[in-house]
>>> print(open('work-v9.csv').read())   # CSV, C-alpha atoms
chain,number,residue,atom,x,y,z
U,1,MET,CA,0.0,0.0,0.0
U,2,GLU,CA,2.9,2.4,0.5
U,3,ASN,CA,3.1,5.0,-2.3
U,4,LYS,CA,0.3,3.3,-4.2
U,5,LYS,CA,-3.0,4.8,-5.3
U,6,SER,CA,-6.3,3.2,-4.8
U,7,GLN,CA,-9.8,4.3,-5.6
U,8,ALA,CA,-12.9,4.7,-3.4
U,9,LYS,CA,-16.4,4.5,-4.9
U,10,ALA,CA,-19.1,7.0,-4.0
U,11,ILE,CA,-22.3,5.2,-3.0
U,12,ASP,CA,-24.3,8.3,-2.0
U,13,ASN,CA,-23.7,11.9,-0.8
U,14,GLY,CA,-21.3,11.6,2.1
U,15,ILE,CA,-20.9,7.9,1.8
U,16,ILE,CA,-18.0,6.1,0.1
U,17,ALA,CA,-16.9,2.5,-0.2
U,18,LEU,CA,-13.2,2.0,0.5
U,19,PRO,CA,-11.0,-0.9,-0.6
U,20,PRO,CA,-10.6,-3.4,2.3
U,21,GLU,CA,-6.9,-2.7,2.7
U,22,THR,CA,-7.4,1.0,2.9
U,23,ALA,CA,-10.2,0.5,5.5
U,24,ARG,CA,-7.9,-1.6,7.5
U,25,LYS,CA,-5.1,1.0,7.4
U,26,LEU,CA,-7.6,3.6,8.6
U,27,GLY,CA,-8.7,1.4,11.5
U,28,LEU,CA,-12.3,1.4,10.3
U,29,SER,CA,-14.8,-0.4,12.5
U,30,ALA,CA,-18.3,0.5,13.8
U,31,GLY,CA,-18.1,3.8,15.7
U,32,ALA,CA,-14.6,4.8,14.5
U,33,HIS,CA,-13.8,8.5,14.4
U,34,LEU,CA,-11.4,9.8,11.7
U,35,ASP,CA,-9.8,13.2,11.7
U,36,ILE,CA,-9.9,15.1,8.4
U,37,VAL,CA,-7.2,17.7,7.5
U,38,VAL,CA,-7.8,20.1,4.6
U,39,ARG,CA,-4.9,22.1,3.3
U,40,ARG,CA,-4.6,23.8,-0.1
U,41,GLY,CA,-7.2,21.7,-1.8
U,42,ARG,CA,-5.8,18.4,-0.4
U,43,VAL,CA,-7.9,16.3,2.0
U,44,GLU,CA,-6.0,14.0,4.4
U,45,ILE,CA,-8.0,11.4,6.3
U,46,LEU,CA,-6.2,10.3,9.4
U,47,PRO,CA,-6.8,6.8,11.0
U,48,ASP,CA,-8.8,6.2,14.1
U,49,ILE,CA,-6.3,6.6,17.0
U,50,HIS,CA,-8.1,4.0,19.0
U,51,SER,CA,-7.4,1.2,16.5
U,52,LEU,CA,-4.1,-0.5,17.5
U,53,SER,CA,-1.9,-0.9,14.5
U,54,ARG,CA,1.7,-1.2,15.7
U,55,VAL,CA,3.2,-2.9,18.8
U,56,TYR,CA,6.7,-2.4,20.1
U,57,ILE,CA,7.9,-5.3,22.2
U,58,GLU,CA,11.0,-5.1,24.4
U,59,PRO,CA,12.2,-8.7,24.7
U,60,THR,CA,14.9,-7.7,27.2
U,61,SER,CA,16.3,-4.6,28.8
U,62,ASN,CA,19.8,-6.2,28.9
U,63,CYS,CA,22.5,-5.3,26.4
U,64,ASN,CA,25.9,-6.6,25.6
U,65,LEU,CA,27.3,-3.1,24.8
U,66,THR,CA,28.1,0.0,27.0
U,67,CYS,CA,27.4,2.8,24.5
U,68,ARG,CA,28.1,6.3,25.7
U,69,ALA,CA,24.8,7.6,24.4
U,70,CYS,CA,22.6,4.9,26.0
U,71,ILE,CA,19.6,5.6,28.3
U,72,GLN,CA,20.8,2.9,30.6
U,73,ARG,CA,23.5,5.2,32.0
U,74,THR,CA,20.7,7.1,33.7
U,75,TRP,CA,18.8,4.1,35.0
U,76,SER,CA,18.2,2.7,38.5
U,77,GLU,CA,15.6,0.2,37.3
U,78,PRO,CA,15.7,-3.6,37.5
U,79,GLN,CA,16.5,-5.4,34.3
U,80,GLY,CA,15.5,-8.7,32.8
U,81,ASN,CA,14.1,-10.8,30.0
U,82,MET,CA,10.5,-11.2,28.9
U,83,THR,CA,9.4,-14.6,30.2
U,84,GLN,CA,7.8,-17.3,28.1
U,85,VAL,CA,4.6,-16.9,30.1
U,86,VAL,CA,4.3,-13.1,29.4
U,87,PHE,CA,5.2,-13.6,25.8
U,88,ASN,CA,2.6,-16.3,25.3
U,89,LYS,CA,0.0,-14.1,26.9
U,90,LEU,CA,0.9,-11.3,24.6
U,91,LEU,CA,0.6,-13.6,21.5
U,92,LYS,CA,-2.9,-14.6,22.6
U,93,ASP,CA,-3.9,-10.9,23.2
U,94,LEU,CA,-2.6,-9.6,19.9
U,95,ARG,CA,-5.1,-11.8,18.0
U,96,HIS,CA,-7.9,-9.6,19.2
U,97,PHE,CA,-6.8,-6.6,17.2
U,98,PRO,CA,-8.1,-6.7,13.6
U,99,HIS,CA,-6.1,-3.7,12.5
U,100,LEU,CA,-2.7,-4.8,13.8
U,101,GLU,CA,-0.2,-4.4,10.9
U,102,SER,CA,3.3,-4.6,12.4
U,103,VAL,CA,5.4,-5.6,15.4
U,104,MET,CA,8.8,-4.2,16.3
U,105,LEU,CA,11.2,-6.0,18.6
U,106,GLY,CA,13.3,-3.4,20.2
U,107,GLY,CA,13.0,-1.1,23.2
U,108,PHE,CA,16.1,-0.2,25.3
U,109,GLY,CA,17.8,-3.5,25.3
U,110,GLU,CA,19.4,-5.7,22.6
U,111,PRO,CA,16.7,-8.1,21.3
U,112,THR,CA,19.2,-10.7,20.0
U,113,ALA,CA,20.5,-11.1,23.6
U,114,HIS,CA,17.2,-12.8,24.5
U,115,PRO,CA,17.7,-16.6,24.3
U,116,ASP,CA,14.3,-17.1,22.6
U,117,VAL,CA,14.3,-14.2,20.2
U,118,ILE,CA,14.2,-16.5,17.1
U,119,GLN,CA,11.2,-18.3,18.4
U,120,MET,CA,9.6,-15.0,19.2
U,121,VAL,CA,9.9,-13.8,15.6
U,122,ALA,CA,8.5,-17.1,14.3
U,123,ALA,CA,5.5,-17.0,16.7
U,124,LEU,CA,4.7,-13.3,15.9
U,125,LYS,CA,4.7,-14.1,12.2
U,126,GLU,CA,1.9,-16.5,12.8
U,127,THR,CA,-0.3,-13.6,13.9
U,128,GLY,CA,-0.2,-12.2,10.3
U,129,ALA,CA,1.7,-9.1,11.3
U,130,ARG,CA,4.8,-7.7,9.7
U,131,VAL,CA,7.7,-8.3,12.1
U,132,GLU,CA,10.7,-6.0,12.4
U,133,MET,CA,13.7,-5.8,14.8
U,134,VAL,CA,16.3,-3.2,15.7
U,135,SER,CA,19.7,-4.5,16.8
U,136,ASN,CA,23.3,-3.4,17.3
U,137,GLY,CA,24.3,-6.2,15.0
U,138,THR,CA,27.1,-7.7,17.2
U,139,LEU,CA,25.4,-11.0,17.9
U,140,LEU,CA,24.3,-11.8,14.3
U,141,ASP,CA,26.5,-14.8,13.9
U,142,ALA,CA,25.8,-17.5,11.3
U,143,LYS,CA,23.4,-19.3,13.6
U,144,MET,CA,21.4,-16.2,14.6
U,145,ALA,CA,21.2,-15.0,10.9
U,146,GLU,CA,20.0,-18.4,9.7
U,147,GLY,CA,17.4,-18.5,12.5
U,148,LEU,CA,16.0,-15.1,11.8
U,149,LEU,CA,15.7,-16.0,8.1
U,150,ASP,CA,14.0,-19.2,8.9
U,151,ALA,CA,11.6,-17.4,11.2
U,152,ARG,CA,10.7,-15.1,8.3
U,153,LEU,CA,11.7,-11.7,9.9
U,154,ASP,CA,10.6,-9.0,7.5
U,155,ARG,CA,13.0,-6.2,8.3
U,156,LEU,CA,16.1,-5.7,10.4
U,157,TRP,CA,17.3,-2.3,11.5
U,158,ILE,CA,21.0,-2.0,12.5
U,159,SER,CA,22.2,0.8,14.7
U,160,PHE,CA,25.2,2.6,13.1
U,161,ASP,CA,26.3,5.8,14.9
U,162,GLY,CA,29.2,6.2,12.6
U,163,ALA,CA,29.8,5.5,8.9
U,164,ASP,CA,33.5,4.6,9.5
U,165,GLU,CA,35.4,2.4,11.9
U,166,LEU,CA,36.6,5.3,14.1
U,167,ASN,CA,33.3,7.0,14.8
U,168,PHE,CA,31.3,3.8,15.0
U,169,GLU,CA,33.6,2.2,17.7
U,170,ARG,CA,33.9,5.5,19.6
U,171,ALA,CA,30.1,5.6,19.9
U,172,ARG,CA,29.3,1.9,20.3
U,173,GLN,CA,31.7,0.7,23.0
U,174,GLY,CA,32.3,-3.0,22.7
U,175,ALA,CA,31.2,-3.3,19.0
U,176,ARG,CA,33.5,-3.7,16.0
U,177,PHE,CA,32.6,-2.0,12.8
U,178,LYS,CA,34.1,-4.6,10.4
U,179,GLU,CA,32.5,-7.4,12.4
U,180,VAL,CA,29.0,-5.9,12.2
U,181,VAL,CA,29.3,-5.2,8.5
U,182,GLY,CA,30.5,-8.8,8.0
U,183,ASN,CA,27.5,-10.1,9.9
U,184,LEU,CA,25.2,-8.2,7.6
U,185,LYS,CA,26.6,-9.9,4.5
U,186,ARG,CA,24.8,-13.1,5.7
U,187,LEU,CA,21.5,-11.3,5.5
U,188,ARG,CA,21.8,-8.8,2.5
U,189,ASP,CA,19.4,-9.6,-0.3
U,190,LYS,CA,17.6,-12.1,1.9
U,191,LEU,CA,15.5,-9.7,3.9
U,192,GLU,CA,15.0,-5.9,4.1
U,193,LEU,CA,17.8,-4.1,6.0
U,194,GLY,CA,17.7,-0.6,7.4
U,195,ILE,CA,20.2,1.6,9.2
U,196,ALA,CA,19.2,3.5,12.4
U,197,PHE,CA,21.7,6.4,12.7
U,198,VAL,CA,21.9,8.7,15.7
U,199,VAL,CA,23.5,12.0,14.7
U,200,SER,CA,25.5,14.4,16.9
U,201,ARG,CA,28.3,17.0,16.5
U,202,SER,CA,31.0,14.3,16.6
U,203,ASN,CA,29.6,12.2,13.7
U,204,PHE,CA,27.6,14.8,11.7
U,205,ALA,CA,30.0,14.7,8.8
U,206,ASP,CA,29.2,11.0,8.4
U,207,LEU,CA,25.7,11.9,7.1
U,208,LYS,CA,27.3,12.4,3.7
U,209,ASN,CA,28.6,8.9,3.7
U,210,LEU,CA,25.3,7.2,4.6
U,211,SER,CA,24.6,6.2,1.0
U,212,TRP,CA,28.0,4.5,0.9
U,213,LEU,CA,27.3,2.7,4.2
U,214,ALA,CA,23.9,1.6,2.9
U,215,LYS,CA,25.4,0.1,-0.2
U,216,LYS,CA,28.2,-1.6,1.8
U,217,THR,CA,25.7,-3.2,4.2
U,218,GLY,CA,22.9,-3.8,1.8
U,219,ALA,CA,20.5,-1.5,3.6
U,220,ILE,CA,17.6,0.1,1.6
U,221,TYR,CA,16.3,2.3,4.4
U,222,VAL,CA,18.1,4.9,6.6
U,223,SER,CA,16.4,6.4,9.6
U,224,VAL,CA,18.3,9.4,11.2
U,225,SER,CA,17.6,10.6,14.7
U,226,ASN,CA,19.1,13.3,16.9
U,227,ILE,CA,20.9,12.2,20.0
U,228,ILE,CA,18.9,12.1,23.2
U,229,PRO,CA,20.6,14.3,25.8
U,230,TYR,CA,20.9,11.9,28.8
U,231,SER,CA,23.8,13.9,30.2
U,232,PRO,CA,25.1,17.5,30.0
U,233,GLU,CA,27.9,16.3,27.7
U,234,MET,CA,25.3,14.8,25.3
U,235,GLU,CA,23.3,18.0,25.3
U,236,HIS,CA,26.4,19.8,24.0
U,237,GLN,CA,26.5,17.2,21.2
U,238,MET,CA,23.0,18.0,19.9
U,239,VAL,CA,22.7,19.6,16.5
U,240,CYS,CA,19.0,20.6,16.8
U,241,ALA,CA,18.6,23.3,19.5
U,242,GLN,CA,18.1,26.1,17.0
U,243,ALA,CA,15.8,23.9,14.9
U,244,LEU,CA,13.5,23.4,17.9
U,245,THR,CA,13.0,27.1,18.3
U,246,LEU,CA,12.7,28.0,14.6
U,247,ASN,CA,10.2,25.3,13.8
U,248,SER,CA,8.0,26.4,16.7
U,249,MET,CA,8.1,30.0,15.6
U,250,ALA,CA,7.3,29.1,12.0
U,251,GLN,CA,4.1,27.5,13.3
U,252,ALA,CA,2.9,30.6,15.2
U,253,SER,CA,-0.1,32.6,13.8
U,254,GLY,CA,0.6,35.5,11.6
U,255,ARG,CA,3.8,34.1,10.0
U,256,VAL,CA,4.4,34.5,6.3
U,257,GLU,CA,3.9,31.3,4.3
U,258,VAL,CA,6.5,31.0,1.5
U,259,ASP,CA,5.9,28.3,-1.1
U,260,LEU,CA,9.0,27.4,-3.2
U,261,PRO,CA,9.4,25.5,-6.5
U,262,ARG,CA,12.2,23.1,-6.9
U,263,ILE,CA,15.5,25.0,-6.8
U,264,ASP,CA,19.1,23.9,-7.2
U,265,ILE,CA,21.2,23.9,-4.0
U,266,ASN,CA,24.6,25.2,-5.0
U,267,GLU,CA,27.1,27.9,-4.2
U,268,ALA,CA,24.9,30.6,-5.8
U,269,THR,CA,21.7,29.6,-3.9
U,270,LYS,CA,22.8,28.1,-0.6
U,271,ASP,CA,23.2,31.3,1.5
U,272,THR,CA,19.8,32.7,0.4
U,273,LEU,CA,18.0,29.3,1.0
U,274,TRP,CA,19.8,29.0,4.4
U,275,ARG,CA,18.6,32.5,5.5
U,276,LEU,CA,15.0,31.7,4.3
U,277,ALA,CA,14.9,28.3,6.1
U,278,GLY,CA,16.5,29.9,9.2
U,279,GLY,CA,13.9,32.7,9.4
U,280,ASN,CA,10.5,32.6,11.0
U,281,GLU,CA,8.6,32.0,7.8
U,282,ALA,CA,6.6,28.8,7.2
U,283,VAL,CA,8.4,27.4,4.1
U,284,SER,CA,7.0,24.8,1.8
U,285,LEU,CA,8.0,23.1,-1.4
U,286,MET,CA,5.2,22.9,-4.0
U,287,GLY,CA,2.7,23.0,-1.2
U,288,THR,CA,4.4,20.4,1.0
U,289,PRO,CA,5.8,21.9,4.3
U,290,LEU,CA,9.5,21.6,4.7
U,291,GLY,CA,9.5,21.6,8.5
U,292,ALA,CA,8.9,18.5,10.6
U,293,ARG,CA,5.5,18.0,12.2
U,294,ILE,CA,5.6,19.4,15.7
U,295,ASP,CA,3.3,19.3,18.6
U,296,GLU,CA,2.1,15.9,17.5
U,297,CYS,CA,2.8,12.5,18.9
U,298,ARG,CA,3.8,10.0,16.2
U,299,PHE,CA,3.1,7.1,18.5
U,300,ILE,CA,-0.5,8.2,18.9
U,301,ARG,CA,-0.9,9.1,15.2
U,302,GLU,CA,0.5,5.7,14.2
U,303,ARG,CA,-1.6,3.9,16.9
U,304,CYS,CA,1.2,2.3,18.8
U,305,ALA,CA,1.6,0.5,22.1
U,306,PHE,CA,4.8,-0.5,23.9
U,307,ILE,CA,5.1,-3.8,25.8
U,308,ARG,CA,8.0,-3.7,28.3
U,309,TRP,CA,10.0,-6.8,29.1
U,310,ASP,CA,8.0,-7.3,32.3
U,311,GLY,CA,4.6,-7.0,30.6
U,312,GLN,CA,3.9,-3.3,31.4
U,313,VAL,CA,2.0,-1.5,28.7
U,314,SER,CA,3.2,2.1,27.9
U,315,PRO,CA,1.9,4.4,25.2
U,316,CYS,CA,5.3,5.6,23.9
U,317,MET,CA,9.0,5.2,24.0
U,318,ALA,CA,9.4,8.2,26.2
U,319,LEU,CA,7.3,6.7,29.0
U,320,LEU,CA,8.6,3.1,28.7
U,321,HIS,CA,11.4,3.6,31.3
U,322,SER,CA,12.2,6.3,33.9
U,323,HIS,CA,15.2,8.3,32.8
U,324,VAL,CA,16.9,11.7,32.9
U,325,ILE,CA,17.5,14.1,30.1
U,326,HIS,CA,19.3,17.5,30.0
U,327,PHE,CA,17.9,20.4,28.1
U,328,HIS,CA,18.3,24.2,28.3
U,329,GLY,CA,21.2,23.5,30.6
U,330,ALA,CA,19.0,21.8,33.3
U,331,GLU,CA,18.1,18.3,34.3
U,332,ARG,CA,14.6,16.9,33.7
U,333,ARG,CA,13.5,13.7,35.3
U,334,ASN,CA,11.0,11.7,33.2
U,335,THR,CA,9.0,9.1,35.1
U,336,SER,CA,7.7,6.1,33.2
U,337,HIS,CA,4.0,5.2,33.0
U,338,SER,CA,2.1,2.0,32.5
U,339,PHE,CA,-1.6,1.6,31.8
U,340,GLY,CA,-1.5,-2.0,33.0
U,341,ASN,CA,0.4,-5.3,32.8
U,342,ILE,CA,-0.6,-8.0,30.3
U,343,ALA,CA,0.3,-10.7,32.9
U,344,LYS,CA,-2.7,-9.5,34.9
U,345,ARG,CA,-5.1,-8.0,32.4
U,346,ASP,CA,-5.8,-8.6,28.7
U,347,LEU,CA,-4.2,-6.1,26.3
U,348,LEU,CA,-7.6,-5.4,24.7
U,349,GLU,CA,-9.0,-4.5,28.1
U,350,ILE,CA,-6.0,-2.2,28.8
U,351,TRP,CA,-6.1,-0.6,25.4
U,352,ASN,CA,-9.9,0.2,25.7
U,353,ALA,CA,-9.8,1.3,29.3
U,354,PRO,CA,-11.2,4.8,29.9
U,355,ASP,CA,-7.9,6.2,31.2
U,356,TYR,CA,-5.9,5.0,28.1
U,357,ILE,CA,-8.6,6.3,25.7
U,358,SER,CA,-8.6,9.6,27.5
U,359,PHE,CA,-4.8,9.8,27.3
U,360,ARG,CA,-4.8,9.2,23.5
U,361,GLU,CA,-7.4,11.8,22.9
U,362,LYS,CA,-5.7,14.4,25.1
U,363,VAL,CA,-2.3,13.8,23.4
U,364,SER,CA,-3.9,13.9,20.0
U,365,LYS,CA,-5.1,17.5,20.7
U,366,PHE,CA,-1.7,18.3,22.1
U,367,ASP,CA,-2.7,21.3,24.3
U,368,PHE,CA,0.4,21.3,26.4
U,369,ALA,CA,2.8,24.0,27.6
U,370,PRO,CA,5.8,24.5,25.2
U,371,CYS,CA,8.4,23.2,27.6
U,372,HIS,CA,10.8,22.4,24.8
U,373,VAL,CA,11.1,26.1,23.9
U,374,CYS,CA,11.0,27.8,27.3
U,375,GLY,CA,12.1,25.5,30.1
U,376,GLY,CA,13.8,26.7,33.3
U,377,CYS,CA,10.7,27.1,35.4
U,378,GLY,CA,9.8,24.9,38.5
U,379,TYR,CA,7.7,22.6,36.4
U,380,SER,CA,10.4,21.7,34.0
U,381,ALA,CA,12.5,19.6,36.4
U,382,GLU,CA,10.3,16.6,35.9
U,383,ASN,CA,7.3,15.4,33.8
U,384,LYS,CA,4.8,15.4,36.6
U,385,GLU,CA,3.0,18.6,35.8
U,386,ASP,CA,3.2,21.6,33.5
U,387,CYS,CA,2.1,25.3,33.8
U,388,GLY,CA,-1.0,24.5,31.8
U,389,GLY,CA,-2.4,22.4,34.5
U,390,ASN,CA,-1.7,19.0,32.8
U,391,ILE,CA,-0.5,16.2,35.0
U,392,HIS,CA,1.4,13.0,34.5
U,393,PRO,CA,1.3,11.0,32.2
U,394,ALA,CA,-0.2,13.5,29.7
U,395,VAL,CA,2.6,16.1,30.1
U,396,CYS,CA,4.1,16.0,26.6
U,397,GLY,CA,5.3,19.6,26.0
U,398,GLY,CA,8.9,18.7,26.7
U,399,CYS,CA,8.9,15.5,24.6
U,400,LEU,CA,11.5,15.6,21.9
U,401,TRP,CA,9.7,12.9,19.9
U,402,ALA,CA,6.7,15.2,19.6
U,403,GLN,CA,8.9,18.0,18.2
U,404,GLY,CA,10.5,16.0,15.4
U,405,ILE,CA,13.8,15.8,17.1
U,406,ILE,CA,13.9,12.1,18.0
U,407,GLN,CA,12.5,9.3,15.9
U,408,CYS,CA,12.5,5.6,16.1
U,409,PRO,CA,12.4,3.2,13.1
>>> encode(input="work-v9.csv", output="structure tokens")
Amino acid sequence: MENKKSQAKAIDNGIIALPPETARKLGLSAGAHLDIVVRRGRVEILPDIHSLSRVYIEPTSNCNLTCRACIQRTWSEPQGNMTQVVFNKLLKDLRHFPHLESVMLGGFGEPTAHPDVIQMVAALKETGARVEMVSNGTLLDAKMAEGLLDARLDRLWISFDGADELNFERARQGARFKEVVGNLKRLRDKLELGIAFVVSRSNFADLKNLSWLAKKTGAIYVSVSNIIPYSPEMEHQMVCAQALTLNSMAQASGRVEVDLPRIDINEATKDTLWRLAGGNEAVSLMGTPLGARIDECRFIRERCAFIRWDGQVSPCMALLHSHVIHFHGAERRNTSHSFGNIAKRDLLEIWNAPDYISFREKVSKFDFAPCHVCGGCGYSAENKEDCGGNIHPAVCGGCLWAQGIIQCP
């Protein structure tokens, strides 16, 4: 369905018949509510946010590496592997969601460190969902590679925080660049491969070499994210502080909208284009906004849920584990949140509970204080409450995912 057109037939005024696959992608069922966005003659129909489409599963919170940019450096949480009992319960629960399209094995641990990860992939494929995994690539020996292929894994994302040996091994302590690239040779052309690249000041120049890295590894997708500032040193490594402010200003009312045609980017045009993009204007290219979507939760829009290794159900990556970030020169303590545990309640019951429904609707409206821009007040030290009267867990004004700064595959 991606990048493909389909047609809907009008039955009567205000009533259309959609192709089955389109209806599934919209999460259509009796009583579904769809948001409609109209802009410049285009009509965008957004899926029902209460129809679960994508599930992130954290098989383990353990990892075999000690990367300098890892969230686990700020943790004081217990760690462990998802048990067979919890996983089997999850498998049973997933069959009750007719709009489920994909499952991602990831989270904040290394999935291939779980002893049963191959069996997990095979079992999840039986649900009919597309199965993906994100990995550091260090444990993809011949046995693991063969097992994942036999289990019919659809897509494997490999974390590369450097396009050469020096930057890669400096960022991923304990990993070897040549070894990971060699591991991927067993899988290229046999399943879809992607690169998850975390960019910072120290490796920004490597962005120009991503196409070379993709060809070398056989990857056909590249997902780039900014670094998450888990420490003051990592905050100084960010390359997005100005982008945060400018994008927010461009969305303010009264700003000039500038719609550009396709223009060459070269020595003659780069300075002017840079000044235009760096101003407060809302810039678009042939009607398509150039700035990232802000004040919007991708995890709500894409109808996601996160299952932690111990069975806790969280709505997003930011609330999966308690952690600390540093922004505006200050520390912010983010406390995790769970709407229930699948070991004790069915996932369908948790997903349809009034508190979870209310959370999704509130975050979809995104009426939160702009903590990502101002910060520094008494509320910004933690995600418990903001100056708009919102309380945990729906306190998303300081979320970097919602501002297009951080993204997950």
>>> residues_around(input="work-v9.csv", residues="U:His326", least_positions_apart="3", cutoff="10 Å", atoms="only C-alpha atoms", output="PyMOL selection string")
chain U and resi 228-236+329-333+381
>>> residues_around(input="work-v9.csv", residues="U:Ser322", least_positions_apart="4", cutoff="6 Å", atoms="all atoms listed in the file", output="number ranges by chain")
U: 334-336
>>> atom_distance(input="work-v9.csv", atom1="atom CA of U:Leu285", atom2="atom CA of U:Leu260")
4.8 Å
>>> closest_atom_pairs(input="work-v9.csv", of="stretch 195-258 of chain U", to="stretch 148-156 of chain U", cutoff="10 Å", atoms="only C-alpha atoms", output="CSV")
residue,atom,partner,partner_atom,distance
U:Ile195,CA,U:Leu156,CA,8.5
U:Ala196,CA,U:Leu156,CA,9.9
U:Ala219,CA,U:Leu156,CA,9.1
U:Tyr221,CA,U:Arg155,CA,9.9
>>> closest_residue(input="work-v9.csv", among="U:Thr245, U:Asn136, U:Ser29, U:Asn341", to="U:Leu90", atoms="all atoms listed in the file")
U:Asn341
>>> closest_residue(input="work-v9.csv", among="U:Val121, U:Ala175, U:Leu184, U:Ile11", to="U:Asp141", atoms="all atoms listed in the file")
U:Leu184
>>> closest_residue(input="work-v9.csv", among="U:Ser364, U:Ser159, U:Asn64, U:Asn183", to="U:Leu140", atoms="all atoms listed in the file")
U:Asn183
>>> closest_residue(input="work-v9.csv", among="U:Asp35, U:Lys190, U:Cys396, U:Leu347", to="U:Leu94", atoms="all atoms listed in the file")
U:Leu347
>>> atom_distance(input="work-v9.csv", atom1="atom CA of U:Ala277", atom2="atom CA of U:Ser202")
23.8 Å
>>> residues_around(input="work-v9.csv", residues="U:Thr60", least_positions_apart="5", cutoff="9 Å", atoms="all atoms listed in the file", output="number ranges by chain")
U: 79-82, 106-114, 308-310
>>> atom_distance(input="work-v9.csv", atom1="atom CA of U:Gly31", atom2="atom CA of U:Asn352")
13.4 Å
>>> closest_residue(input="work-v9.csv", among="U:Ala305, U:Val181, U:Cys377, U:Val117", to="U:His50", atoms="only C-alpha atoms")
U:Ala305
>>> residues_around(input="work-v9.csv", residues="U:Ala32", least_positions_apart="4", cutoff="10 Å", atoms="only C-alpha atoms", output="compact mmCIF listing (two decimals) with C-alpha atoms, in the coordinates of the input")
# COMPACT_ATOMS: atom_id res chain seq x y z
CA LEU U 26 -7.60 3.60 8.60
CA GLY U 27 -8.70 1.40 11.50
CA LEU U 28 -12.30 1.40 10.30
CA PRO U 47 -6.80 6.80 11.00
CA ASP U 48 -8.80 6.20 14.10
CA ILE U 49 -6.30 6.60 17.00
CA HIS U 50 -8.10 4.00 19.00
CA SER U 51 -7.40 1.20 16.50
>>> closest_residue(input="work-v9.csv", among="U:Met317, U:Cys297, U:Leu34, U:Ile16", to="U:Lys365", atoms="all atoms listed in the file")
U:Cys297
